[in-house]
Structure formats: structure tokens, C-alpha cells
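Working notes, beginning with the structure itself.
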Amino acid sequence: MRRLGFAIVTVLLWLGLAVPAMAQLPDPYSKGPHIAITLTAESDTPAPGGTVTLAYDAVPQPGWHGYWQNPGDAGFPAKLNWTLPAGVTADAPRYPVPTTLLIGEGADALQNYVFERRFTPLIDLHLPPGLAKGTKLPIRLKTNYLVCTDQICVPEKAELSLTLTVGDGAITPAARARFDAFRQALPKPLGAAATYQRDARGLRLAIPYPAGAPLSDAYFFATTPNRVAYNAPQMVTREGDRLIVSTQASKPGDGAIEGVLRIGKARGLMLRAEPGVVPAPAGGASLAGAPMRAWLLPALLALGGALLGGLILNVMPCVFPILSLKALQLARGGVEEREARREALAYTAGVLLVIVGLGAAILALRAGGTAVGWAFQLQNPAVVAVLLLLVAALTLNLAGLFEIPTPRFVDSASGASGAFATGALAAIIATPCTGPFMGAALGAALVLPWYAGLGVFAGLGLGLALPFLAIGFVPPLRRALPKPGAWMEHFRHFLALPMGLTAVWLAWVLGGEAGVDGMAIGLAGIVGLGAVLFLVGERQRRGLSAGLAALVALAAVTGATAWAVKPEAKAAVARADTQSFSEERLATLRANRTPVFVYFTADWCLTCKVNERVAIDTAPVRAAFARHKVATLVGDWTSGDAKLGRFIEAHNRAGVPLYLYYPVGASEPEVLPQVLTPDLLVAKAGG
């Protein structure tokens, strides 16, 4: 009897637990739609000849799922049938990173690529030029899609519409924030070509990926259909600066395989893999099915590299004039302990504000899909022109033509406000430089979580400010500075020379980006600036202030110069022993078993130009390359070419310089140091 009572209680308890659970299951016969879809535009007033992004915002009911652009073993993606005004065209949708859904077991299992929660593909509409403002643009979309549970599938359809009005392309802050969030979920372009090999052991893909970058739940989603066995397990192995994805092939094929590599929750990289040689993994760390959330160690390593790289920046040619300027202020002597620390902290704050602000801008632009890297702002000739005039003004100040006027509500130029401004200026001048340890650190910052990436940029700024910070807080270092005297004025005038050479370099950079006409406009701006500053100096020598009119004139000269310079197309490399870089040319040379030296440079990168003068463009290196038939490819990143930017990033670098050497038969290049010597290049070529 007791057993019967126990059985009855057990059945009742089971029913009590099962009924609520059954109530939570999706009802396959409930009235649809089972995916709620809305169509919205980032701007309701797109500009003529411009592009407007639409969001296909889809929310499945609990228990249901929609399909990715390649559904896997079963299903089909949404079919979009547009009715658009004349001249308006729509791109293919860009999908976020999907999830896997495995149904069944063993060889008969079905692997599907699905969305079980809200997903928002983005579609770009292109408007023809010449449309009159106020013109109505009715947008109509008929979509057919499949929605499923784990037991039943239902085809559904929806008709969506919206009306745009031709205008100025303005985007409201709310719309920008919403669409930026949608773009965050899209996979980012890898930029560098991956490689795959198919043989009796299966299919292996070699994907460039920085060794210190975080990675979790790695999986390759193929967009090229029927080349990868969807239901086969994937083993992901990490080997240095690349990942090896080992799986099984589906149907044979010789062309490229495209897809998305998942590198974390809702994070992925778009890639294209060409046929090649991919050795079997040698026993690197397997990552398949083992989430790795411990990004802390890679972040700490990147932070250390950034700190050391920032410290080394202080002796780089592009930073030394600014550091010398601050050294002159530190040589005053007799500075109180409190004031010295205050200035050190202010200088550090100026450096950090610029470096972290620049890092935040880079991360934000990259989140929106733009391929930018370190010193991206110098790819704009208007920015270079403003920097040229600023450095020219500092040169004239050091030469004694005028004194920098300071508003009354801040400290004197030798106080905290002056230290802050000097730190900010040092950081701005430092942006064209990439020293040892710095490139890999900033490359890792681009794939770390945003807060860790900002920490790496802060480490770079702290390293740059560290010498002055140490002098401010360590009295023995401060006492070791030379005593003040008449020599200080002569030293100040001497510092006008390296600062003037910096201005010459910036004028050369401007000529490279905007041509001879652009350089002439920049030099004319310096003449106008010098005339205004001469008048300022004359007033100061009579005991008068600079005057509001002078400040307005300076702003006008600077603004007019920046507005007048325009970018000019770069001519192709003309040297007989050097070719312009392209991934296609690189692939051809490697297929012909030719050793290749590739370097990426920019006119505004002083480190690059120094390496080219003292190492690359030297007779011993040219002779060694000619003797061993080493091909040289040059990637010019002066104008910020997005394709080059993605290739640079794929090799764990956030900017230039980047030097790669491809020996014959090697599957991956050797990344050379950022400071080159002729002996190093001769040795790489074979002596």
C-alpha cells in the first residue's frame, strides 16, 4: 500500500511539473506570423547620390528560429523582393553572426545556422544623383521566409513599406545609436586572405589571427554553399598568429571558400580562403567547444607592450622636438614639489586625453565597419595642414618672434595649463610614429573588448608621459637637470631647429597627399601665419596683448588653409625593382615560388621613411634582393585605403610600418621588426 501511495504521489508530482513545462512549448499551430519584422531607415531624408541603410529587424517568437544567409543542412534564408523608385538600387543584406542548431545525432544529424533571438540584417540603398529635395521615395518589400521549431517548419511572408523624402541625409542621434548597435552585431572584415587545403584527412583552413587576441567559442560558418560538411565537427587549433580549422569537406571544388569566423559571443570576422598548403596542426591549443573568456592575460600583455612602446616614442624623431620643449620648461630650477607634481599630472592628463580619445574614435569607427588604424586622422590633408601651421607657429615661438598668449582665467604657459597643452601636443605629434612593441599592442587592442582596448591606448599614453611624470615625482631626477641661466634662451632658440625640421617634414607629407599645389597652399598659410604672429610679437614687445583681432586672423588663416588643400591621387610606384602591393599580385608571386618582401608605409609615417632611407633603399639590400630574386611590394597607406587597412590589421598591426617577408614554400609570412637594418634584410634574402 505504501508503494502504491508513493507511486500515486510521484505521478501527481510529475504531472504538476510537466504541465507548466508543456505550457511553455511553442504551439506550432498558433496563428502567425512567428517572426515579427519591421523595416526602418537610418535617415528618413537621404541625400541625392548618397546611401541610406535600412534595418530588417526580425524578432522570432520564443521557441522559433529564422535562418542565416546560408541555412546549413536544411531551411532557406529570407527572400527579399524589392519595389524601388527609378534609379534606386538595393545591396544584398548583411547578416549578423548566427548560432548553430544541431538536430539529430551521428552521420544523419542536421546542422543549421539560425537565429533564435532578435536579429537585424542591414541593407544599403543607393540613390541616384540629381534627385530634387522633397521628392518622395516609396520603398516596398515583399519577403518570404521560413520559421521553424525543432519539430515543425512554417513558410511565412510579409509585406513591408516605408516612404523616404530626399533631403540632406541627416541622421538623428537616436537613429545613429540604434543603427550603430545593429552594426556591432555584424561580422567585421578580416582583410587578409586565408588559405585552405582539402586532402584525404579532410578540410583545413588557415586563418590569420593575432596570437594575443581573445577568442571564444570559435566556429567557421561557410557562406559558400556545399563546400564544408555542415554536420561535421570542427576542431580549432591556435598556432602563433593563425588559427587552423579542421573539419570535413562536402562537395569537391577548387575555388575560394568564403564565410564568417565566430570569435566570441555575437562577434565574427568575414574572410575569404584561397586554395593553398595548410599543414596539419602540430598540437596547438584546441579551442573547439571550449569557451575562453580569460581575455585578461592578452590584455595585460598588450598593456605592457603599449607602455613600453609609448616610452620608446619619446626618443623617436617625431616626438623629440616636443619633449625638448618640455625639457626646457623643466630646466627652470627652483620648482616647488607641489608645483612639479601638478605640472607632471597636467602633462600626463593632456597626453591621455588625446591618446585615449583617438583610441575611442578608432574603436567607434571600426565598430561601424570602417577600416581605420593608428594615425588615421593624418590621412586627411586638411588635418596635416592644421598640424603644419601649428608646428610652424611653435617654431616661430621658440625662435623668439612672439610669446604664446594665455587667457587670464588659466595659469601661465609655464604652469599646469601649459603642461597640459604641451602633453596634448606631444601626443598629437606622436601619432605618425609606431615604435617597437607598439604595433602588436595596438593590433591586439582592436580585437579586445572595447574597455580593454581603451586600457591599452591609455597604457600607450602613460608610457609617452612617463619620463616627465617621473621627473615631476622624483626630486633627484629633477635636481639633476641643468641649473637655470642665460644658456636657456640660447637653448630655446636652438630648439627652433628640430621644430622647424618637423614643419618641413609635415610640408613634405602635405605635398604627398595634396600634391605640389597642396604644399604651396600650406607654405602660403605659413607666410600668412608668420605675418600675423609678427604683429602679435610687436604688440607684446610694447606691453600690449595679442588682441582679439589677431586671434580671429589666426583662426581665419588656419581655416582657409585647411579648406583649400584637397587630396590628390597617388601615382603608382615607378621604381623598376618595386611593385605596388595587391593581394592578387602577392598570391601570383608566391604561386610562382618567388620570395617576397612586402612593406606598408605612408608619407606621414616618419618611422617608415627613416627605415626606407637607412635600410630598404640601400645598395647592399637592392643587390641582395636582385641576386636572390626577391620581389618587393609596397603598400602605400597614405590616403587610408580600406583594403590595405584590413590587410594590415590581419597581421596584428593597427598602423604602419609593417614589414613582411614570405620565404618560398612558407604558409605564413615572417613579421619583421619595426626598426630595420640593412644586415637584417640582406640576411633574409639569403646573404
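By convention in this document, the chains of the C-alpha cells carry letters A, B, ... by their order, each chain's residues are numbered from 1, and ligands are numbered from 1 in the order they are shown.
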
Skip Ile355 (chain A) itself and residues of its chain fewer than 4 positions away, then list as a PyMOL selection string all residues within 12 Å of it, counting only C-alpha atoms.
chain A and resi 306+310+348-351+359-362+374-375+423-431+442+453-465

With C-alpha atoms kept, could you save the residues just selected as a PDB file, in the first residue's frame?
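Saved as selection16.pdb:
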ATOM      1  CA  ALA A 306      51.832  49.699 -25.206  1.00  0.00           C
ATOM      2  CA  GLY A 310      54.924  54.734 -25.558  1.00  0.00           C
ATOM      3  CA  THR A 348      50.023  63.297 -18.330  1.00  0.00           C
ATOM      4  CA  ALA A 349      46.358  64.322 -18.494  1.00  0.00           C
ATOM      5  CA  GLY A 350      46.969  66.113 -21.803  1.00  0.00           C
ATOM      6  CA  VAL A 351      48.679  63.057 -23.272  1.00  0.00           C
ATOM      7  CA  GLY A 359      41.680  55.229 -29.428  1.00  0.00           C
ATOM      8  CA  ALA A 360      37.974  55.672 -28.678  1.00  0.00           C
ATOM      9  CA  ALA A 361      37.446  57.202 -32.122  1.00  0.00           C
ATOM     10  CA  ILE A 362      39.273  54.294 -33.786  1.00  0.00           C
ATOM     11  CA  TRP A 374      46.592  54.266 -35.724  1.00  0.00           C
ATOM     12  CA  ALA A 375      47.157  57.826 -37.076  1.00  0.00           C
ATOM     13  CA  GLY A 423      51.258  66.958 -23.313  1.00  0.00           C
ATOM     14  CA  ALA A 424      48.346  67.098 -25.745  1.00  0.00           C
ATOM     15  CA  LEU A 425      50.652  68.458 -28.462  1.00  0.00           C
ATOM     16  CA  ALA A 426      53.237  65.727 -27.815  1.00  0.00           C
ATOM     17  CA  ALA A 427      50.520  63.099 -28.229  1.00  0.00           C
ATOM     18  CA  ILE A 428      49.274  64.665 -31.475  1.00  0.00           C
ATOM     19  CA  ILE A 429      52.776  64.793 -32.947  1.00  0.00           C
ATOM     20  CA  ALA A 430      53.406  61.200 -31.828  1.00  0.00           C
ATOM     21  CA  THR A 431      50.529  59.737 -33.850  1.00  0.00           C
ATOM     22  CA  LEU A 442      47.667  48.318 -30.691  1.00  0.00           C
ATOM     23  CA  GLY A 453      41.191  48.195 -25.833  1.00  0.00           C
ATOM     24  CA  LEU A 454      40.850  51.651 -24.279  1.00  0.00           C
ATOM     25  CA  GLY A 455      43.068  50.437 -21.429  1.00  0.00           C
ATOM     26  CA  VAL A 456      45.773  49.547 -23.959  1.00  0.00           C
ATOM     27  CA  PHE A 457      45.563  53.019 -25.512  1.00  0.00           C
ATOM     28  CA  ALA A 458      45.782  54.511 -22.022  1.00  0.00           C
ATOM     29  CA  GLY A 459      48.925  52.433 -21.441  1.00  0.00           C
ATOM     30  CA  LEU A 460      50.438  53.917 -24.594  1.00  0.00           C
ATOM     31  CA  GLY A 461      49.697  57.437 -23.341  1.00  0.00           C
ATOM     32  CA  LEU A 462      51.083  56.662 -19.906  1.00  0.00           C
ATOM     33  CA  GLY A 463      54.307  55.369 -21.473  1.00  0.00           C
ATOM     34  CA  LEU A 464      54.627  58.545 -23.530  1.00  0.00           C
ATOM     35  CA  ALA A 465      54.136  60.722 -20.424  1.00  0.00           C
TER      36      ALA A 465
END

Shell around Asp150 (chain A) at 12 Å using only C-alpha atoms, local window under 3 positions removed, as an mmCIF file with N, CA and C atoms, in the first residue's frame:
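Saved result, result.cif, follows:
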data_model
loop_
_atom_site.group_PDB
_atom_site.id
_atom_site.type_symbol
_atom_site.label_atom_id
_atom_site.label_comp_id
_atom_site.auth_asym_id
_atom_site.auth_seq_id
_atom_site.Cartn_x
_atom_site.Cartn_y
_atom_site.Cartn_z
ATOM 1 N N LEU A 25 6.054 25.350 -24.178
ATOM 2 C CA LEU A 25 6.472 24.938 -25.503
ATOM 3 C C LEU A 25 5.755 25.763 -26.563
ATOM 4 N N PRO A 26 6.392 26.061 -27.688
ATOM 5 C CA PRO A 26 5.718 26.817 -28.742
ATOM 6 C C PRO A 26 4.609 25.994 -29.371
ATOM 7 N N ASP A 27 3.523 26.639 -29.644
ATOM 8 C CA ASP A 27 2.405 25.976 -30.303
ATOM 9 C C ASP A 27 2.589 26.120 -31.803
ATOM 10 N N PRO A 28 2.901 25.005 -32.510
ATOM 11 C CA PRO A 28 3.182 25.119 -33.934
ATOM 12 C C PRO A 28 1.960 25.501 -34.752
ATOM 13 N N PRO A 62 9.328 33.028 -28.940
ATOM 14 C CA PRO A 62 10.085 32.035 -28.158
ATOM 15 C C PRO A 62 9.858 30.626 -28.693
ATOM 16 N N GLY A 63 10.947 29.897 -28.867
ATOM 17 C CA GLY A 63 10.866 28.525 -29.369
ATOM 18 C C GLY A 63 10.972 28.421 -30.873
ATOM 19 N N TRP A 64 10.914 29.532 -31.586
ATOM 20 C CA TRP A 64 11.021 29.543 -33.043
ATOM 21 C C TRP A 64 12.367 30.145 -33.451
ATOM 22 N N HIS A 65 12.768 29.855 -34.690
ATOM 23 C CA HIS A 65 14.011 30.429 -35.184
ATOM 24 C C HIS A 65 13.899 30.721 -36.671
ATOM 25 N N GLY A 66 14.651 31.773 -37.097
ATOM 26 C CA GLY A 66 14.811 32.077 -38.507
ATOM 27 C C GLY A 66 16.178 31.629 -38.976
ATOM 28 N N ALA A 74 19.547 22.394 -43.788
ATOM 29 C CA ALA A 74 18.114 22.483 -44.090
ATOM 30 C C ALA A 74 17.666 23.922 -43.946
ATOM 31 N N GLY A 75 16.490 24.214 -44.505
ATOM 32 C CA GLY A 75 15.943 25.556 -44.398
ATOM 33 C C GLY A 75 16.320 26.424 -45.587
ATOM 34 N N LEU A 101 22.487 25.125 -34.686
ATOM 35 C CA LEU A 101 21.391 24.297 -34.158
ATOM 36 C C LEU A 101 21.551 22.905 -34.745
ATOM 37 N N LEU A 102 21.993 21.947 -33.928
ATOM 38 C CA LEU A 102 22.223 20.571 -34.375
ATOM 39 C C LEU A 102 21.011 19.731 -34.011
ATOM 40 N N ILE A 103 20.410 19.115 -35.020
ATOM 41 C CA ILE A 103 19.233 18.270 -34.827
ATOM 42 C C ILE A 103 19.605 16.847 -35.211
ATOM 43 N N GLY A 104 19.438 15.911 -34.287
ATOM 44 C CA GLY A 104 19.792 14.530 -34.535
ATOM 45 C C GLY A 104 21.196 14.216 -34.058
ATOM 46 N N LEU A 110 21.580 16.972 -38.624
ATOM 47 C CA LEU A 110 21.467 18.163 -39.456
ATOM 48 C C LEU A 110 21.985 19.364 -38.671
ATOM 49 N N GLN A 111 22.940 20.078 -39.267
ATOM 50 C CA GLN A 111 23.482 21.281 -38.639
ATOM 51 C C GLN A 111 22.908 22.503 -39.355
ATOM 52 N N ASN A 112 22.183 23.309 -38.632
ATOM 53 C CA ASN A 112 21.573 24.502 -39.209
ATOM 54 C C ASN A 112 22.196 25.752 -38.596
ATOM 55 N N VAL A 114 21.190 29.437 -37.572
ATOM 56 C CA VAL A 114 19.890 30.048 -37.290
ATOM 57 C C VAL A 114 20.031 31.255 -36.365
ATOM 58 N N GLU A 116 17.800 32.426 -33.048
ATOM 59 C CA GLU A 116 16.730 32.097 -32.110
ATOM 60 C C GLU A 116 16.268 33.327 -31.328
ATOM 61 N N VAL A 147 10.280 29.821 -40.921
ATOM 62 C CA VAL A 147 10.420 29.884 -39.473
ATOM 63 C C VAL A 147 10.103 28.496 -38.916
ATOM 64 N N CYS A 153 8.228 23.257 -39.373
ATOM 65 C CA CYS A 153 8.610 24.465 -40.085
ATOM 66 C C CYS A 153 7.400 25.049 -40.808
ATOM 67 N N VAL A 154 7.323 26.364 -40.818
ATOM 68 C CA VAL A 154 6.196 27.054 -41.430
ATOM 69 C C VAL A 154 6.734 28.147 -42.352
#

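Proximity to Leu186 (chain A) was assessed for A:Phe119, A:Phe473, A:Phe491, A:Trp508 counting only C-alpha atoms; the smallest distance is recorded for A:Phe119.
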
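Contact shell of region 202-208 of chain A at 7 Å (only C-alpha atoms; same-chain neighbours under 3 positions omitted): A:Ala194, A:Thr195, A:Tyr196, A:Gln197, A:Arg198, A:Asp199, A:Asp241, A:Arg242, A:Leu243, A:Ile244, A:Val245, A:Ser246, A:Thr247, A:Gln248, A:Ala249, A:Val278, A:Ala650, A:His651.
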
Can those selected residues be exported to a file as an mmCIF file, in the first residue's frame so that it contains N, CA and C atoms?
data_model
loop_
_atom_site.group_PDB
_atom_site.id
_atom_site.type_symbol
_atom_site.label_atom_id
_atom_site.label_comp_id
_atom_site.auth_asym_id
_atom_site.auth_seq_id
_atom_site.Cartn_x
_atom_site.Cartn_y
_atom_site.Cartn_z
ATOM 1 N N ALA A 194 42.733 34.122 -46.196
ATOM 2 C CA ALA A 194 43.027 32.854 -45.531
ATOM 3 C C ALA A 194 43.368 31.809 -46.595
ATOM 4 N N THR A 195 43.729 30.636 -46.131
ATOM 5 C CA THR A 195 44.114 29.544 -47.034
ATOM 6 C C THR A 195 43.417 28.267 -46.600
ATOM 7 N N TYR A 196 43.065 27.430 -47.585
ATOM 8 C CA TYR A 196 42.500 26.129 -47.222
ATOM 9 C C TYR A 196 43.141 25.025 -48.054
ATOM 10 N N GLN A 197 43.134 23.835 -47.505
ATOM 11 C CA GLN A 197 43.634 22.650 -48.209
ATOM 12 C C GLN A 197 42.669 21.499 -47.967
ATOM 13 N N ARG A 198 42.365 20.802 -49.045
ATOM 14 C CA ARG A 198 41.494 19.623 -48.960
ATOM 15 C C ARG A 198 42.307 18.401 -49.367
ATOM 16 N N ASP A 199 42.322 17.377 -48.512
ATOM 17 C CA ASP A 199 43.020 16.145 -48.833
ATOM 18 C C ASP A 199 42.278 14.985 -48.174
ATOM 19 N N ASP A 241 50.272 33.226 -34.843
ATOM 20 C CA ASP A 241 49.377 34.263 -35.348
ATOM 21 C C ASP A 241 48.385 33.716 -36.365
ATOM 22 N N ARG A 242 47.927 32.495 -36.173
ATOM 23 C CA ARG A 242 46.905 31.962 -37.060
ATOM 24 C C ARG A 242 46.102 30.886 -36.343
ATOM 25 N N LEU A 243 44.906 30.635 -36.895
ATOM 26 C CA LEU A 243 44.045 29.558 -36.422
ATOM 27 C C LEU A 243 43.955 28.501 -37.515
ATOM 28 N N ILE A 244 43.911 27.248 -37.107
ATOM 29 C CA ILE A 244 43.691 26.139 -38.034
ATOM 30 C C ILE A 244 42.326 25.538 -37.706
ATOM 31 N N VAL A 245 41.402 25.600 -38.656
ATOM 32 C CA VAL A 245 40.076 24.988 -38.506
ATOM 33 C C VAL A 245 40.094 23.678 -39.282
ATOM 34 N N SER A 246 39.956 22.578 -38.576
ATOM 35 C CA SER A 246 39.974 21.249 -39.197
ATOM 36 C C SER A 246 38.567 20.679 -39.170
ATOM 37 N N THR A 247 38.072 20.274 -40.345
ATOM 38 C CA THR A 247 36.728 19.709 -40.434
ATOM 39 C C THR A 247 36.675 18.801 -41.659
ATOM 40 N N GLN A 248 35.476 18.505 -42.148
ATOM 41 C CA GLN A 248 35.320 17.657 -43.321
ATOM 42 C C GLN A 248 34.761 18.474 -44.471
ATOM 43 N N ALA A 249 35.160 18.085 -45.697
ATOM 44 C CA ALA A 249 34.661 18.756 -46.888
ATOM 45 C C ALA A 249 33.342 18.127 -47.316
ATOM 46 N N VAL A 278 48.116 23.874 -46.266
ATOM 47 C CA VAL A 278 47.850 24.062 -44.835
ATOM 48 C C VAL A 278 48.275 22.786 -44.112
ATOM 49 N N ALA A 650 44.997 42.396 -40.174
ATOM 50 C CA ALA A 650 45.029 40.937 -40.105
ATOM 51 C C ALA A 650 46.376 40.415 -39.640
ATOM 52 N N HIS A 651 47.403 41.251 -39.703
ATOM 53 C CA HIS A 651 48.736 40.844 -39.247
ATOM 54 C C HIS A 651 49.073 41.476 -37.904
#

If we count only C-alpha atoms and set the cut-off at 10 Å, which residues sit around Arg140 (chain A), ignoring sequence neighbours fewer than 5 positions away in its own chain? Please answer as an mmCIF file with all heavy atoms, in the first residue's frame.
data_model
loop_
_atom_site.group_PDB
_atom_site.id
_atom_site.type_symbol
_atom_site.label_atom_id
_atom_site.label_comp_id
_atom_site.auth_asym_id
_atom_site.auth_seq_id
_atom_site.Cartn_x
_atom_site.Cartn_y
_atom_site.Cartn_z
ATOM 1 N N LEU A 39 10.673 47.294 -40.882
ATOM 2 C CA LEU A 39 11.656 47.881 -41.795
ATOM 3 C C LEU A 39 11.797 49.357 -41.452
ATOM 4 O O LEU A 39 10.813 50.107 -41.499
ATOM 5 C CB LEU A 39 11.200 47.706 -43.248
ATOM 6 C CG LEU A 39 12.193 48.106 -44.344
ATOM 7 C CD1 LEU A 39 13.390 47.165 -44.347
ATOM 8 C CD2 LEU A 39 11.513 48.093 -45.712
ATOM 9 N N ASN A 81 12.138 40.681 -52.136
ATOM 10 C CA ASN A 81 11.706 41.180 -53.437
ATOM 11 C C ASN A 81 11.341 42.661 -53.283
ATOM 12 O O ASN A 81 10.332 43.005 -52.660
ATOM 13 C CB ASN A 81 10.498 40.389 -53.951
ATOM 14 C CG ASN A 81 10.827 38.925 -54.165
ATOM 15 O OD1 ASN A 81 11.783 38.593 -54.858
ATOM 16 N ND2 ASN A 81 10.047 38.039 -53.561
ATOM 17 N N TRP A 82 12.183 43.530 -53.853
ATOM 18 C CA TRP A 82 12.035 44.974 -53.675
ATOM 19 C C TRP A 82 11.237 45.598 -54.812
ATOM 20 O O TRP A 82 11.340 45.184 -55.966
ATOM 21 C CB TRP A 82 13.413 45.646 -53.634
ATOM 22 C CG TRP A 82 14.272 45.245 -52.475
ATOM 23 C CD1 TRP A 82 15.222 44.264 -52.454
ATOM 24 C CD2 TRP A 82 14.257 45.813 -51.168
ATOM 25 N NE1 TRP A 82 15.806 44.181 -51.225
ATOM 26 C CE2 TRP A 82 15.229 45.134 -50.402
ATOM 27 C CE3 TRP A 82 13.528 46.827 -50.572
ATOM 28 C CZ2 TRP A 82 15.489 45.432 -49.078
ATOM 29 C CZ3 TRP A 82 13.777 47.145 -49.244
ATOM 30 C CH2 TRP A 82 14.750 46.452 -48.506
ATOM 31 N N THR A 83 10.476 46.604 -54.472
ATOM 32 C CA THR A 83 9.879 47.511 -55.444
ATOM 33 C C THR A 83 10.391 48.906 -55.099
ATOM 34 O O THR A 83 10.007 49.479 -54.066
ATOM 35 C CB THR A 83 8.345 47.472 -55.392
ATOM 36 O OG1 THR A 83 7.893 46.133 -55.636
ATOM 37 C CG2 THR A 83 7.757 48.410 -56.439
ATOM 38 N N LEU A 84 11.281 49.424 -55.953
ATOM 39 C CA LEU A 84 12.003 50.647 -55.627
ATOM 40 C C LEU A 84 11.761 51.715 -56.684
ATOM 41 O O LEU A 84 11.474 51.399 -57.849
ATOM 42 C CB LEU A 84 13.512 50.363 -55.536
ATOM 43 C CG LEU A 84 13.942 49.307 -54.512
ATOM 44 C CD1 LEU A 84 15.430 48.988 -54.681
ATOM 45 C CD2 LEU A 84 13.657 49.788 -53.104
ATOM 46 N N PRO A 85 11.889 52.984 -56.321
ATOM 47 C CA PRO A 85 11.774 54.060 -57.317
ATOM 48 C C PRO A 85 12.869 53.942 -58.375
ATOM 49 O O PRO A 85 13.900 53.292 -58.175
ATOM 50 C CB PRO A 85 11.944 55.327 -56.478
ATOM 51 C CG PRO A 85 11.605 54.926 -55.081
ATOM 52 C CD PRO A 85 12.041 53.501 -54.949
ATOM 53 N N GLU A 159 4.742 41.797 -46.032
ATOM 54 C CA GLU A 159 4.853 42.940 -46.927
ATOM 55 C C GLU A 159 5.156 44.170 -46.083
ATOM 56 O O GLU A 159 4.390 44.522 -45.188
ATOM 57 C CB GLU A 159 3.574 43.124 -47.738
ATOM 58 C CG GLU A 159 3.293 41.963 -48.691
ATOM 59 C CD GLU A 159 2.133 42.256 -49.637
ATOM 60 O OE1 GLU A 159 1.674 43.423 -49.650
ATOM 61 O OE2 GLU A 159 1.699 41.334 -50.346
ATOM 62 N N LEU A 160 6.288 44.795 -46.367
ATOM 63 C CA LEU A 160 6.762 45.924 -45.580
ATOM 64 C C LEU A 160 6.909 47.137 -46.484
ATOM 65 O O LEU A 160 7.164 47.004 -47.692
ATOM 66 C CB LEU A 160 8.112 45.592 -44.934
ATOM 67 C CG LEU A 160 8.189 44.263 -44.171
ATOM 68 C CD1 LEU A 160 9.629 43.950 -43.801
ATOM 69 C CD2 LEU A 160 7.317 44.311 -42.938
ATOM 70 N N SER A 161 6.788 48.304 -45.905
ATOM 71 C CA SER A 161 6.917 49.518 -46.705
ATOM 72 C C SER A 161 7.334 50.688 -45.830
ATOM 73 O O SER A 161 7.125 50.681 -44.605
ATOM 74 C CB SER A 161 5.600 49.844 -47.414
ATOM 75 O OG SER A 161 4.590 50.149 -46.468
ATOM 76 N N LEU A 162 7.936 51.655 -46.449
ATOM 77 C CA LEU A 162 8.227 52.948 -45.823
ATOM 78 C C LEU A 162 8.430 53.965 -46.931
ATOM 79 O O LEU A 162 8.671 53.613 -48.086
ATOM 80 C CB LEU A 162 9.440 52.878 -44.888
ATOM 81 C CG LEU A 162 10.771 52.354 -45.431
ATOM 82 C CD1 LEU A 162 11.562 53.458 -46.110
ATOM 83 C CD2 LEU A 162 11.604 51.768 -44.313
ATOM 84 N N THR A 163 8.319 55.220 -46.591
ATOM 85 C CA THR A 163 8.474 56.293 -47.564
ATOM 86 C C THR A 163 9.560 57.248 -47.085
ATOM 87 O O THR A 163 9.498 57.762 -45.960
ATOM 88 C CB THR A 163 7.157 57.054 -47.763
ATOM 89 O OG1 THR A 163 6.157 56.148 -48.235
ATOM 90 C CG2 THR A 163 7.337 58.180 -48.784
#

Region 514-527 of chain A: which residues within 10 Å, counting only C-alpha atoms, same-chain residues fewer than 3 positions away excluded, as a ChimeraX atom specification?
/A:380-382,384-386,388-393,503-504,506-511,530-533,554,557-562,564-570
